[in-house]
file model.pdb (PDB, C-alpha atoms)
MODEL        1
ATOM      1  CA  MET A   3      -4.190  15.269  15.361
ATOM      2  CA  ILE A   4      -6.559  17.977  14.178
ATOM      3  CA  SER A   5      -9.478  17.196  11.882
ATOM      4  CA  ILE A   6      -8.631  16.992   8.197
ATOM      5  CA  SER A   7     -11.291  17.010   5.472
ATOM      6  CA  GLU A   8     -11.021  15.911   1.867
ATOM      7  CA  ALA A   9     -13.644  16.318  -0.842
ATOM      8  CA  ALA A  10     -14.628  13.120  -2.660
ATOM      9  CA  PRO A  11     -15.991  14.385  -5.994
ATOM     10  CA  ALA A  12     -18.304  12.279  -8.122
ATOM     11  CA  LYS A  13     -16.613  10.446 -10.996
ATOM     12  CA  ILE A  14     -18.115  10.807 -14.477
ATOM     13  CA  ASN A  15     -17.237   8.400 -17.276
ATOM     14  CA  LEU A  16     -17.720  10.644 -20.285
ATOM     15  CA  THR A  17     -16.894   7.630 -22.459
ATOM     16  CA  LEU A  18     -16.497   3.934 -21.735
ATOM     17  CA  LYS A  19     -15.281   1.423 -24.307
ATOM     18  CA  VAL A  20     -15.208  -2.273 -23.383
ATOM     19  CA  LEU A  21     -12.424  -3.930 -25.374
ATOM     20  CA  GLY A  22     -13.198  -7.432 -24.160
ATOM     21  CA  ARG A  23     -12.704  -9.918 -21.346
ATOM     22  CA  ARG A  24      -9.132 -10.284 -20.123
ATOM     23  CA  ALA A  25      -7.530 -13.584 -19.213
ATOM     24  CA  ASP A  26      -7.527 -12.533 -15.531
ATOM     25  CA  GLY A  27     -11.340 -12.245 -15.505
ATOM     26  CA  TYR A  28     -11.484  -8.451 -15.674
ATOM     27  CA  HIS A  29     -12.673  -6.456 -18.668
ATOM     28  CA  ALA A  30     -10.242  -4.345 -20.678
ATOM     29  CA  LEU A  31     -11.595  -0.787 -20.739
ATOM     30  CA  GLU A  32     -10.876   2.632 -22.170
ATOM     31  CA  SER A  33     -12.624   5.548 -20.483
ATOM     32  CA  LEU A  34     -12.420   9.327 -20.394
ATOM     33  CA  VAL A  35     -12.987  10.141 -16.723
ATOM     34  CA  VAL A  36     -13.614  13.559 -15.193
ATOM     35  CA  PHE A  37     -14.867  14.718 -11.803
ATOM     36  CA  ALA A  38     -17.823  16.847 -10.706
ATOM     37  CA  ARG A  39     -16.170  19.394  -8.447
ATOM     38  CA  ASP A  40     -19.378  20.622  -6.796
ATOM     39  CA  VAL A  41     -21.080  17.221  -6.433
ATOM     40  CA  ALA A  42     -19.053  15.461  -3.774
ATOM     41  CA  ASP A  43     -19.011  13.538  -0.541
ATOM     42  CA  GLU A  44     -16.828  14.867   2.262
ATOM     43  CA  VAL A  45     -14.442  12.672   4.235
ATOM     44  CA  THR A  46     -13.245  13.958   7.613
ATOM     45  CA  LEU A  47     -10.442  12.326   9.573
ATOM     46  CA  SER A  48     -10.147  13.206  13.265
ATOM     47  CA  ALA A  49      -8.259  12.060  16.360
ATOM     48  CA  PRO A  50      -9.793   9.060  18.168
ATOM     49  CA  ALA A  51     -10.927   9.455  21.774
ATOM     50  CA  ASP A  52      -8.813   6.421  22.686
ATOM     51  CA  PRO A  53      -5.665   5.885  20.585
ATOM     52  CA  GLU A  54      -5.680   2.180  21.524
ATOM     53  CA  ARG A  55      -8.990   1.424  19.838
ATOM     54  CA  ASP A  56      -9.674   0.960  16.145
ATOM     55  CA  PRO A  57     -10.990   3.982  14.277
ATOM     56  CA  VAL A  58     -14.749   4.359  13.994
ATOM     57  CA  ILE A  59     -16.251   4.921  10.529
ATOM     58  CA  VAL A  60     -19.628   6.675  10.457
ATOM     59  CA  PHE A  61     -21.776   7.994   7.631
ATOM     60  CA  ASP A  62     -23.962  11.103   7.579
ATOM     61  CA  GLY A  63     -25.874  12.996   4.932
ATOM     62  CA  PRO A  64     -28.785  12.277   2.586
ATOM     63  CA  PHE A  65     -27.458   8.886   1.414
ATOM     64  CA  ALA A  66     -26.044   7.604   4.714
ATOM     65  CA  THR A  67     -28.941   5.560   6.107
ATOM     66  CA  GLN A  68     -28.322   2.362   4.158
ATOM     67  CA  LEU A  69     -24.595   2.433   4.938
ATOM     68  CA  ASN A  70     -25.108   2.982   8.672
ATOM     69  CA  GLN A  71     -27.624   0.144   8.785
ATOM     70  CA  ALA A  72     -25.146  -2.258   7.185
ATOM     71  CA  VAL A  73     -22.770  -2.125  10.137
ATOM     72  CA  ASP A  74     -21.501  -5.682   9.571
ATOM     73  CA  THR A  75     -20.998  -5.233   5.843
ATOM     74  CA  ASP A  76     -17.737  -4.160   4.256
ATOM     75  CA  THR A  77     -17.870  -0.787   2.532
ATOM     76  CA  THR A  78     -15.350   0.505   0.039
ATOM     77  CA  ILE A  79     -13.928   2.848   2.634
ATOM     78  CA  SER A  80     -13.593   0.146   5.309
ATOM     79  CA  THR A  81     -11.812  -2.024   2.741
ATOM     80  CA  ALA A  82      -9.401   0.825   1.967
ATOM     81  CA  TRP A  83      -8.718   1.320   5.670
ATOM     82  CA  ARG A  84      -8.096  -2.393   6.237
ATOM     83  CA  LEU A  85      -5.676  -2.654   3.298
ATOM     84  CA  LEU A  86      -3.834   0.498   4.330
ATOM     85  CA  SER A  87      -3.469  -0.482   7.982
ATOM     86  CA  ALA A  88      -2.159  -3.913   6.968
ATOM     87  CA  ARG A  89       0.499  -2.307   4.750
ATOM     88  CA  PHE A  90       1.379   0.526   7.176
ATOM     89  CA  PRO A  91       0.554  -0.572  10.762
ATOM     90  CA  ASN A  92       2.017   2.538  12.429
ATOM     91  CA  LEU A  93      -0.031   5.178  10.651
ATOM     92  CA  ALA A  94      -1.520   8.060  12.615
ATOM     93  CA  VAL A  95      -5.222   7.563  11.889
ATOM     94  CA  GLY A  96      -8.341   8.764  13.679
ATOM     95  CA  ASP A  97     -12.067   8.325  13.367
ATOM     96  CA  VAL A  98     -13.630   8.791   9.945
ATOM     97  CA  GLU A  99     -16.882  10.547   9.074
ATOM     98  CA  ILE A 100     -18.238  10.481   5.532
ATOM     99  CA  TYR A 101     -20.944  12.949   4.530
ATOM    100  CA  LYS A 102     -22.730  11.152   1.706
ATOM    101  CA  GLN A 103     -24.177  13.356  -1.037
ATOM    102  CA  ILE A 104     -23.500  11.005  -3.974
ATOM    103  CA  PRO A 105     -26.242   8.408  -4.543
ATOM    104  CA  LEU A 106     -25.267   4.804  -3.853
ATOM    105  CA  ALA A 107     -24.595   2.340  -6.703
ATOM    106  CA  SER A 108     -25.093   5.211  -9.140
ATOM    107  CA  GLY A 109     -22.234   4.883 -11.635
ATOM    108  CA  LEU A 110     -20.587   7.938 -10.039
ATOM    109  CA  GLY A 111     -17.927   6.037  -8.105
ATOM    110  CA  GLY A 112     -19.051   7.339  -4.718
ATOM    111  CA  GLY A 113     -17.479   4.548  -2.687
ATOM    112  CA  SER A 114     -14.199   4.727  -4.596
ATOM    113  CA  ALA A 115     -14.220   8.521  -4.326
ATOM    114  CA  ASP A 116     -14.631   8.208  -0.548
ATOM    115  CA  ALA A 117     -11.773   5.699  -0.360
ATOM    116  CA  GLY A 118      -9.549   7.977  -2.452
ATOM    117  CA  ALA A 119     -10.344  10.945  -0.220
ATOM    118  CA  LEU A 120      -9.568   8.869   2.893
ATOM    119  CA  LEU A 121      -6.208   7.813   1.449
ATOM    120  CA  ARG A 122      -5.367  11.428   0.613
ATOM    121  CA  ALA A 123      -6.326  12.557   4.123
ATOM    122  CA  ILE A 124      -4.214   9.840   5.757
ATOM    123  CA  ALA A 125      -1.302  10.705   3.474
ATOM    124  CA  ARG A 126      -1.509  14.335   4.652
ATOM    125  CA  CYS A 127      -1.268  13.104   8.255
ATOM    126  CA  ASN A 128       1.597  10.708   7.514
ATOM    127  CA  PRO A 129       3.786  12.350   4.854
ATOM    128  CA  ASP A 130       6.868  10.416   5.994
ATOM    129  CA  GLN A 131       5.135   7.097   5.192
ATOM    130  CA  TYR A 132       3.453   8.148   1.965
ATOM    131  CA  ASP A 133       4.554   6.133  -1.033
ATOM    132  CA  GLN A 134       2.710   6.862  -4.273
ATOM    133  CA  ALA A 135       3.129   3.360  -5.688
ATOM    134  CA  ALA A 136       1.894   1.723  -2.468
ATOM    135  CA  TRP A 137      -1.091   4.069  -2.196
ATOM    136  CA  LEU A 138      -2.032   3.376  -5.837
ATOM    137  CA  ASP A 139      -1.725  -0.364  -5.253
ATOM    138  CA  ILE A 140      -4.112  -0.112  -2.301
ATOM    139  CA  ALA A 141      -6.534   1.968  -4.378
ATOM    140  CA  ARG A 142      -6.358  -0.649  -7.146
ATOM    141  CA  ASN A 143      -7.355  -3.358  -4.682
ATOM    142  CA  VAL A 144     -10.342  -1.285  -3.556
ATOM    143  CA  GLY A 145     -11.883  -1.531  -7.026
ATOM    144  CA  ALA A 146     -11.569  -0.610 -10.691
ATOM    145  CA  ASP A 147     -12.338   3.056  -9.981
ATOM    146  CA  GLY A 148      -9.931   3.190  -7.033
ATOM    147  CA  PRO A 149      -6.821   4.538  -8.812
ATOM    148  CA  VAL A 150      -8.621   7.214 -10.830
ATOM    149  CA  CYS A 151     -10.546   8.373  -7.744
ATOM    150  CA  LEU A 152      -7.320   8.569  -5.741
ATOM    151  CA  LYS A 153      -5.925  10.923  -8.399
ATOM    152  CA  SER A 154      -9.292  12.726  -8.710
ATOM    153  CA  GLN A 155      -8.451  14.607 -11.895
ATOM    154  CA  ALA A 156      -9.274  14.246 -15.598
ATOM    155  CA  GLN A 157      -7.678  11.055 -16.904
ATOM    156  CA  MET A 158      -7.764   8.526 -19.697
ATOM    157  CA  MET A 159      -8.284   5.270 -17.810
ATOM    158  CA  SER A 160      -7.516   1.905 -19.370
ATOM    159  CA  GLY A 161      -6.620  -1.678 -18.562
ATOM    160  CA  ALA A 162      -9.020  -2.730 -15.822
ATOM    161  CA  GLY A 163      -8.790   0.776 -14.361
ATOM    162  CA  GLU A 164      -5.141   0.548 -13.326
ATOM    163  CA  VAL A 165      -3.571   2.460 -16.242
ATOM    164  CA  LEU A 166      -3.989   6.232 -15.995
ATOM    165  CA  LYS A 167      -2.864   9.028 -18.279
ATOM    166  CA  PRO A 168      -3.650  12.572 -17.058
ATOM    167  CA  ILE A 169      -5.258  15.173 -19.285
ATOM    168  CA  GLU A 170      -3.356  18.207 -18.119
ATOM    169  CA  GLU A 171      -5.468  20.984 -19.654
ATOM    170  CA  PHE A 172      -8.995  19.658 -19.685
ATOM    171  CA  PRO A 173     -11.362  22.368 -20.984
ATOM    172  CA  GLU A 174     -14.059  23.926 -18.841
ATOM    173  CA  LEU A 175     -17.487  22.403 -19.337
ATOM    174  CA  PHE A 176     -20.688  21.881 -17.423
ATOM    175  CA  ALA A 177     -23.138  19.058 -16.961
ATOM    176  CA  VAL A 178     -26.475  18.073 -15.518
ATOM    177  CA  LEU A 179     -26.542  14.757 -13.647
ATOM    178  CA  ILE A 180     -29.791  12.812 -13.166
ATOM    179  CA  ASN A 181     -30.582   9.704 -11.151
ATOM    180  CA  THR A 182     -34.182   8.570 -10.711
ATOM    181  CA  LEU A 183     -33.241   7.099  -7.293
ATOM    182  CA  GLU A 184     -34.953   3.836  -8.133
ATOM    183  CA  THR A 185     -33.075   1.072  -6.319
ATOM    184  CA  PRO A 186     -30.755  -0.730  -8.760
ATOM    185  CA  PRO A 187     -31.099  -4.518  -8.895
ATOM    186  CA  PRO A 188     -28.618  -6.632  -6.911
ATOM    187  CA  ASN A 189     -25.306  -7.189  -8.706
ATOM    188  CA  LYS A 190     -26.308  -4.682 -11.377
ATOM    189  CA  THR A 191     -22.782  -4.256 -12.740
ATOM    190  CA  GLU A 192     -22.252  -7.995 -13.131
ATOM    191  CA  ARG A 193     -25.626  -8.320 -14.849
ATOM    192  CA  ILE A 194     -24.813  -5.473 -17.247
ATOM    193  CA  PHE A 195     -21.473  -6.979 -18.241
ATOM    194  CA  ALA A 196     -23.178 -10.351 -18.667
ATOM    195  CA  ALA A 197     -25.760  -8.712 -20.969
ATOM    196  CA  LEU A 198     -22.942  -7.072 -22.947
ATOM    197  CA  ASN A 199     -21.274 -10.483 -23.420
ATOM    198  CA  ALA A 200     -17.981  -8.970 -24.559
ATOM    199  CA  PRO A 201     -15.612 -11.244 -26.520
ATOM    200  CA  PRO A 202     -12.086 -12.048 -25.278
ATOM    201  CA  ALA A 203      -9.881  -8.959 -25.316
ATOM    202  CA  ARG A 204      -7.354  -8.386 -28.058
ATOM    203  CA  GLY A 205      -4.594  -5.810 -28.169
ATOM    204  CA  ALA A 206      -4.653  -3.724 -24.985
ATOM    205  CA  SER A 207      -5.482  -6.649 -22.744
ATOM    206  CA  THR A 208      -2.553  -6.295 -20.361
ATOM    207  CA  VAL A 209      -1.228  -3.407 -18.297
ATOM    208  CA  ALA A 210       1.927  -3.118 -20.408
ATOM    209  CA  GLN A 211      -0.024  -3.047 -23.684
ATOM    210  CA  ALA A 212      -2.515  -0.504 -22.325
ATOM    211  CA  ARG A 213       0.308   1.809 -21.275
ATOM    212  CA  CYS A 214       1.790   1.701 -24.771
ATOM    213  CA  THR A 215      -1.245   1.689 -27.050
ATOM    214  CA  ASN A 216      -3.815   4.074 -25.584
ATOM    215  CA  PRO A 217      -2.990   7.677 -26.540
ATOM    216  CA  VAL A 218      -4.266  10.698 -24.643
ATOM    217  CA  PRO A 219      -6.746  12.533 -26.906
ATOM    218  CA  ASP A 220      -6.304  16.197 -27.742
ATOM    219  CA  LEU A 221      -9.135  17.845 -25.830
ATOM    220  CA  HIS A 222      -8.589  21.569 -25.837
ATOM    221  CA  SER A 223     -12.144  22.830 -26.202
ATOM    222  CA  LEU A 224     -15.736  21.980 -25.432
ATOM    223  CA  ASP A 225     -16.221  21.018 -29.099
ATOM    224  CA  ASP A 226     -13.285  18.585 -28.836
ATOM    225  CA  VAL A 227     -14.864  16.894 -25.816
ATOM    226  CA  ALA A 228     -18.338  16.733 -27.369
ATOM    227  CA  MET A 229     -16.941  15.189 -30.569
ATOM    228  CA  PHE A 230     -14.934  12.649 -28.559
ATOM    229  CA  VAL A 231     -17.962  11.661 -26.465
ATOM    230  CA  ARG A 232     -20.137  11.276 -29.574
ATOM    231  CA  ALA A 233     -17.492   9.176 -31.301
ATOM    232  CA  HIS A 234     -16.767   6.801 -28.405
ATOM    233  CA  GLY A 235     -19.957   6.650 -26.316
ATOM    234  CA  ASN A 236     -20.567   4.169 -23.501
ATOM    235  CA  ASP A 237     -20.656   0.495 -24.479
ATOM    236  CA  LEU A 238     -22.594  -0.325 -21.315
ATOM    237  CA  LEU A 239     -25.518   1.982 -22.117
ATOM    238  CA  GLN A 240     -27.724  -0.452 -24.039
ATOM    239  CA  PRO A 241     -27.177  -3.443 -21.708
ATOM    240  CA  ALA A 242     -27.702  -1.139 -18.720
ATOM    241  CA  CYS A 243     -31.050   0.005 -20.135
ATOM    242  CA  SER A 244     -32.087  -3.638 -20.489
ATOM    243  CA  VAL A 245     -31.213  -4.290 -16.831
ATOM    244  CA  MET A 246     -32.482  -0.912 -15.545
ATOM    245  CA  PRO A 247     -35.232   0.444 -17.836
ATOM    246  CA  ALA A 248     -35.556   3.521 -15.600
ATOM    247  CA  ILE A 249     -32.482   4.946 -17.361
ATOM    248  CA  ASP A 250     -34.503   5.651 -20.514
ATOM    249  CA  ALA A 251     -36.675   8.465 -19.128
ATOM    250  CA  PRO A 252     -33.955  10.803 -17.762
ATOM    251  CA  LEU A 253     -31.755  10.139 -20.783
ATOM    252  CA  ALA A 254     -34.575  11.139 -23.121
ATOM    253  CA  ALA A 255     -35.422  14.165 -20.961
ATOM    254  CA  LEU A 256     -31.833  15.413 -21.185
ATOM    255  CA  ALA A 257     -31.671  14.826 -24.927
ATOM    256  CA  ARG A 258     -34.788  17.015 -25.361
ATOM    257  CA  THR A 259     -33.418  19.799 -23.175
ATOM    258  CA  GLN A 260     -32.524  23.045 -24.882
ATOM    259  CA  ASP A 261     -28.752  23.651 -25.131
ATOM    260  CA  CYS A 262     -27.832  20.058 -24.215
ATOM    261  CA  LEU A 263     -24.921  19.134 -26.478
ATOM    262  CA  ILE A 264     -24.977  15.395 -25.831
ATOM    263  CA  ALA A 265     -26.542  13.029 -23.293
ATOM    264  CA  SER A 266     -25.085   9.742 -22.116
ATOM    265  CA  MET A 267     -24.570   7.533 -19.048
ATOM    266  CA  SER A 268     -21.736   7.377 -16.512
ATOM    267  CA  GLY A 269     -20.106   4.019 -15.797
ATOM    268  CA  ALA A 270     -22.626   1.214 -15.470
ATOM    269  CA  GLY A 271     -25.341   3.711 -14.558
ATOM    270  CA  PRO A 272     -28.011   4.431 -13.678
ATOM    271  CA  THR A 273     -26.878   8.082 -13.468
ATOM    272  CA  VAL A 274     -27.016   9.902 -16.804
ATOM    273  CA  PHE A 275     -25.451  13.209 -17.772
ATOM    274  CA  GLY A 276     -25.938  15.973 -20.299
ATOM    275  CA  LEU A 277     -23.133  18.319 -21.373
ATOM    276  CA  PHE A 278     -23.670  22.089 -21.625
ATOM    277  CA  ALA A 279     -21.504  24.963 -22.801
ATOM    278  CA  THR A 280     -22.196  27.303 -19.871
ATOM    279  CA  ARG A 281     -23.059  27.078 -16.206
ATOM    280  CA  SER A 282     -26.165  29.190 -16.723
ATOM    281  CA  ALA A 283     -27.468  26.750 -19.348
ATOM    282  CA  ALA A 284     -26.789  23.772 -17.075
ATOM    283  CA  ASP A 285     -28.441  25.509 -14.098
ATOM    284  CA  ALA A 286     -31.532  26.382 -16.138
ATOM    285  CA  ALA A 287     -31.851  22.831 -17.448
ATOM    286  CA  ALA A 288     -31.469  21.377 -13.943
ATOM    287  CA  ARG A 289     -34.152  23.692 -12.553
ATOM    288  CA  ASP A 290     -36.589  22.788 -15.323
ATOM    289  CA  LEU A 291     -35.988  19.045 -15.003
ATOM    290  CA  ALA A 292     -36.261  19.085 -11.211
ATOM    291  CA  ARG A 293     -39.535  20.982 -11.434
ATOM    292  CA  VAL A 294     -41.023  18.485 -13.905
ATOM    293  CA  MET A 295     -39.709  15.405 -12.049
ATOM    294  CA  PRO A 296     -39.358  16.384  -8.371
ATOM    295  CA  THR A 297     -38.589  12.813  -7.246
ATOM    296  CA  TRP A 298     -35.432  12.638  -9.377
ATOM    297  CA  TRP A 299     -31.980  13.567  -8.079
ATOM    298  CA  VAL A 300     -30.894  16.377 -10.434
ATOM    299  CA  ARG A 301     -27.650  18.357 -10.113
ATOM    300  CA  ALA A 302     -25.919  20.923 -12.295
ATOM    301  CA  THR A 303     -22.154  20.729 -11.972
ATOM    302  CA  HIS A 304     -18.789  21.980 -13.199
ATOM    303  CA  LEU A 305     -16.632  19.203 -14.686
ATOM    304  CA  GLY A 306     -12.865  19.337 -14.629
TER     305      GLY A 306
ENDMDL
END
call {"tool": "encode", "arguments": {"input": "model.pdb", "output": "structure tokens"}}
result
Amino acid sequence: MISISEAAPAKINLTLKVLGRRADGYHALESLVVFARDVADEVTLSAPADPERDPVIVFDGPFATQLNQAVDTDTTISTAWRLLSARFPNLAVGDVEIYKQIPLASGLGGGSADAGALLRAIARCNPDQYDQAAWLDIARNVGADGPVCLKSQAQMMSGAGEVLKPIEEFPELFAVLINTLETPPPNKTERIFAALNAPPARGASTVAQARCTNPVPDLHSLDDVAMFVRAHGNDLLQPACSVMPAIDAPLAALARTQDCLIASMSGAGPTVFGLFATRSAADAAARDLARVMPTWWVRATHLG
């Protein structure tokens, strides 16, 4: 088997509404999700030296050190591999290398993006065993962002992440992403949801209800997207700022930036984003912000 590479683009929650706690313990969500096409990890699948041994998973790149040190700890990608091999024991699978360029625990879905890219790479090697429903079920068991990161295209995501509706003609827009690279506290997502203290879900609290009740918005222009983001926001922003006060500074810096249409946070943070009408405006803003705060991770990107 020759080497096969798949990009694992960063996931951006342009909006995130928390509808409440479901009876199964998950939270019912509605989120407009897009992907940063030029901010991505890279997952490479290659033939093992010995076909009798288990595949080796290694990490490289600027955010690999912590993952390589945690050799006895499950990662999202090792979980995806374990679930897939249990479901399809005769898959042709080789060693896996992940080049990590997405910060860890950043609200950008890096682990889920890696798992989605691995599943896509394995599917390319095993087209006769690929089953979309089975692959989606495995992605769902990886985590809430698993299904949307397997699809890796603009979607309205609802339920607990398992209900997806594609946005076929998402308009071109650009963003600046910022992460201060301060280490998030342990269990930051659980702490943020606890701080939110959402009530029990009503309405779209089951998969069937979410499929029926959550329409796909009409987003044909940059103005449409900006209006939608302003109207819906991210319900986790305020509780996230209480858990991670470092979010405040980059969010305020983006809001002050010339040509920034709107600034918000992705997922449970701490990465924040600002939307821009052109790539040149996003590039200029990223350069200025990186010069003022050289310790921050700052990236201009094309969303779509």
call {"tool": "atom_distance", "arguments": {"input": "model.pdb", "atom1": "atom CA of A:Arg258", "atom2": "atom CA of A:Ala242"}}
result
20.6 Å
call {"tool": "resolve_selection", "arguments": {"input": "model.pdb", "expression": "the PyMOL selection byres ((chain A and resi 92) around 12)", "output": "ChimeraX atom specification"}}
result
/A:53-54,86-91,93-95,124,127-128,130-132
call {"tool": "closest_residue", "arguments": {"input": "model.pdb", "among": "A:Ala156, A:Leu120, A:Ala30, A:Ala255", "to": "A:Glu174", "atoms": "all atoms listed in the file"}}
result
A:Ala156
call {"tool": "residues_around", "arguments": {"input": "model.pdb", "residues": "stretch 37-39 of chain A", "least_positions_apart": "2", "cutoff": "9 Å", "atoms": "all atoms listed in the file", "output": "ChimeraX atom specification"}}
result
/A:9-15,35,41-42,151,154-156,176-177,303-306
call {"tool": "closest_residue", "arguments": {"input": "model.pdb", "among": "A:Leu106, A:Leu121, A:Leu21, A:Val60", "to": "A:Asn236", "atoms": "all atoms listed in the file"}}
result
A:Leu21
call {"tool": "resolve_selection", "arguments": {"input": "model.pdb", "expression": "the PyMOL selection byres ((chain A and resi 222) around 8)", "output": "PyMOL selection string"}}
result
chain A and resi 171-173+220-221+223-224+226-227
call {"tool": "write_last_selection", "arguments": {"input": "model.pdb", "atoms": "C-alpha atoms", "output": "PDB file, in the coordinates of the input"}}
result
ATOM      1  CA  GLU A 171      -5.468  20.984 -19.654  1.00  0.00           C
ATOM      2  CA  PHE A 172      -8.995  19.658 -19.685  1.00  0.00           C
ATOM      3  CA  PRO A 173     -11.362  22.368 -20.984  1.00  0.00           C
ATOM      4  CA  ASP A 220      -6.304  16.197 -27.742  1.00  0.00           C
ATOM      5  CA  LEU A 221      -9.135  17.845 -25.830  1.00  0.00           C
ATOM      6  CA  SER A 223     -12.144  22.830 -26.202  1.00  0.00           C
ATOM      7  CA  LEU A 224     -15.736  21.980 -25.432  1.00  0.00           C
ATOM      8  CA  ASP A 226     -13.285  18.585 -28.836  1.00  0.00           C
ATOM      9  CA  VAL A 227     -14.864  16.894 -25.816  1.00  0.00           C
TER      10      VAL A 227
END
call {"tool": "resolve_selection", "arguments": {"input": "model.pdb", "expression": "the PyMOL selection byres ((chain A and resi 278-292) around 6)", "output": "ChimeraX atom specification"}}
result
/A:175-178,262-263,277,293-296,302
call {"tool": "atom_distance", "arguments": {"input": "model.pdb", "atom1": "atom CA of A:Ser268", "atom2": "atom CA of A:Trp137"}}
result
25.3 Å
call {"tool": "atom_distance", "arguments": {"input": "model.pdb", "atom1": "atom CA of A:Gly271", "atom2": "atom CA of A:Ala196"}}
result
14.8 Å
call {"tool": "residues_around", "arguments": {"input": "model.pdb", "residues": "A:Ala248", "least_positions_apart": "5", "cutoff": "12 Å", "atoms": "only C-alpha atoms", "output": "short mmCIF file (atom, residue, chain, number, x, y, z; two decimals) with C-alpha atoms, in the coordinates of the input"}}
result
data_model
loop_
_atom_site.label_atom_id
_atom_site.label_comp_id
_atom_site.auth_asym_id
_atom_site.auth_seq_id
_atom_site.Cartn_x
_atom_site.Cartn_y
_atom_site.Cartn_z
CA ILE A 180 -29.79 12.81 -13.17
CA ASN A 181 -30.58 9.70 -11.15
CA THR A 182 -34.18 8.57 -10.71
CA LEU A 183 -33.24 7.10 -7.29
CA GLU A 184 -34.95 3.84 -8.13
CA THR A 185 -33.08 1.07 -6.32
CA PRO A 186 -30.76 -0.73 -8.76
CA PRO A 187 -31.10 -4.52 -8.90
CA ALA A 242 -27.70 -1.14 -18.72
CA CYS A 243 -31.05 0.00 -20.14
CA LEU A 253 -31.76 10.14 -20.78
CA ALA A 254 -34.58 11.14 -23.12
CA ALA A 255 -35.42 14.16 -20.96
CA GLY A 271 -25.34 3.71 -14.56
CA PRO A 272 -28.01 4.43 -13.68
CA THR A 273 -26.88 8.08 -13.47
CA VAL A 274 -27.02 9.90 -16.80
CA TRP A 298 -35.43 12.64 -9.38
#
call {"tool": "residues_around", "arguments": {"input": "model.pdb", "residues": "A:Pro219", "least_positions_apart": "3", "cutoff": "9 Å", "atoms": "only C-alpha atoms", "output": "count of residues only"}}
result
3
call {"tool": "closest_residue", "arguments": {"input": "model.pdb", "among": "A:Ala135, A:Ala141, A:Ala82, A:Leu110", "to": "A:Leu16", "atoms": "all atoms listed in the file"}}
result
A:Leu110
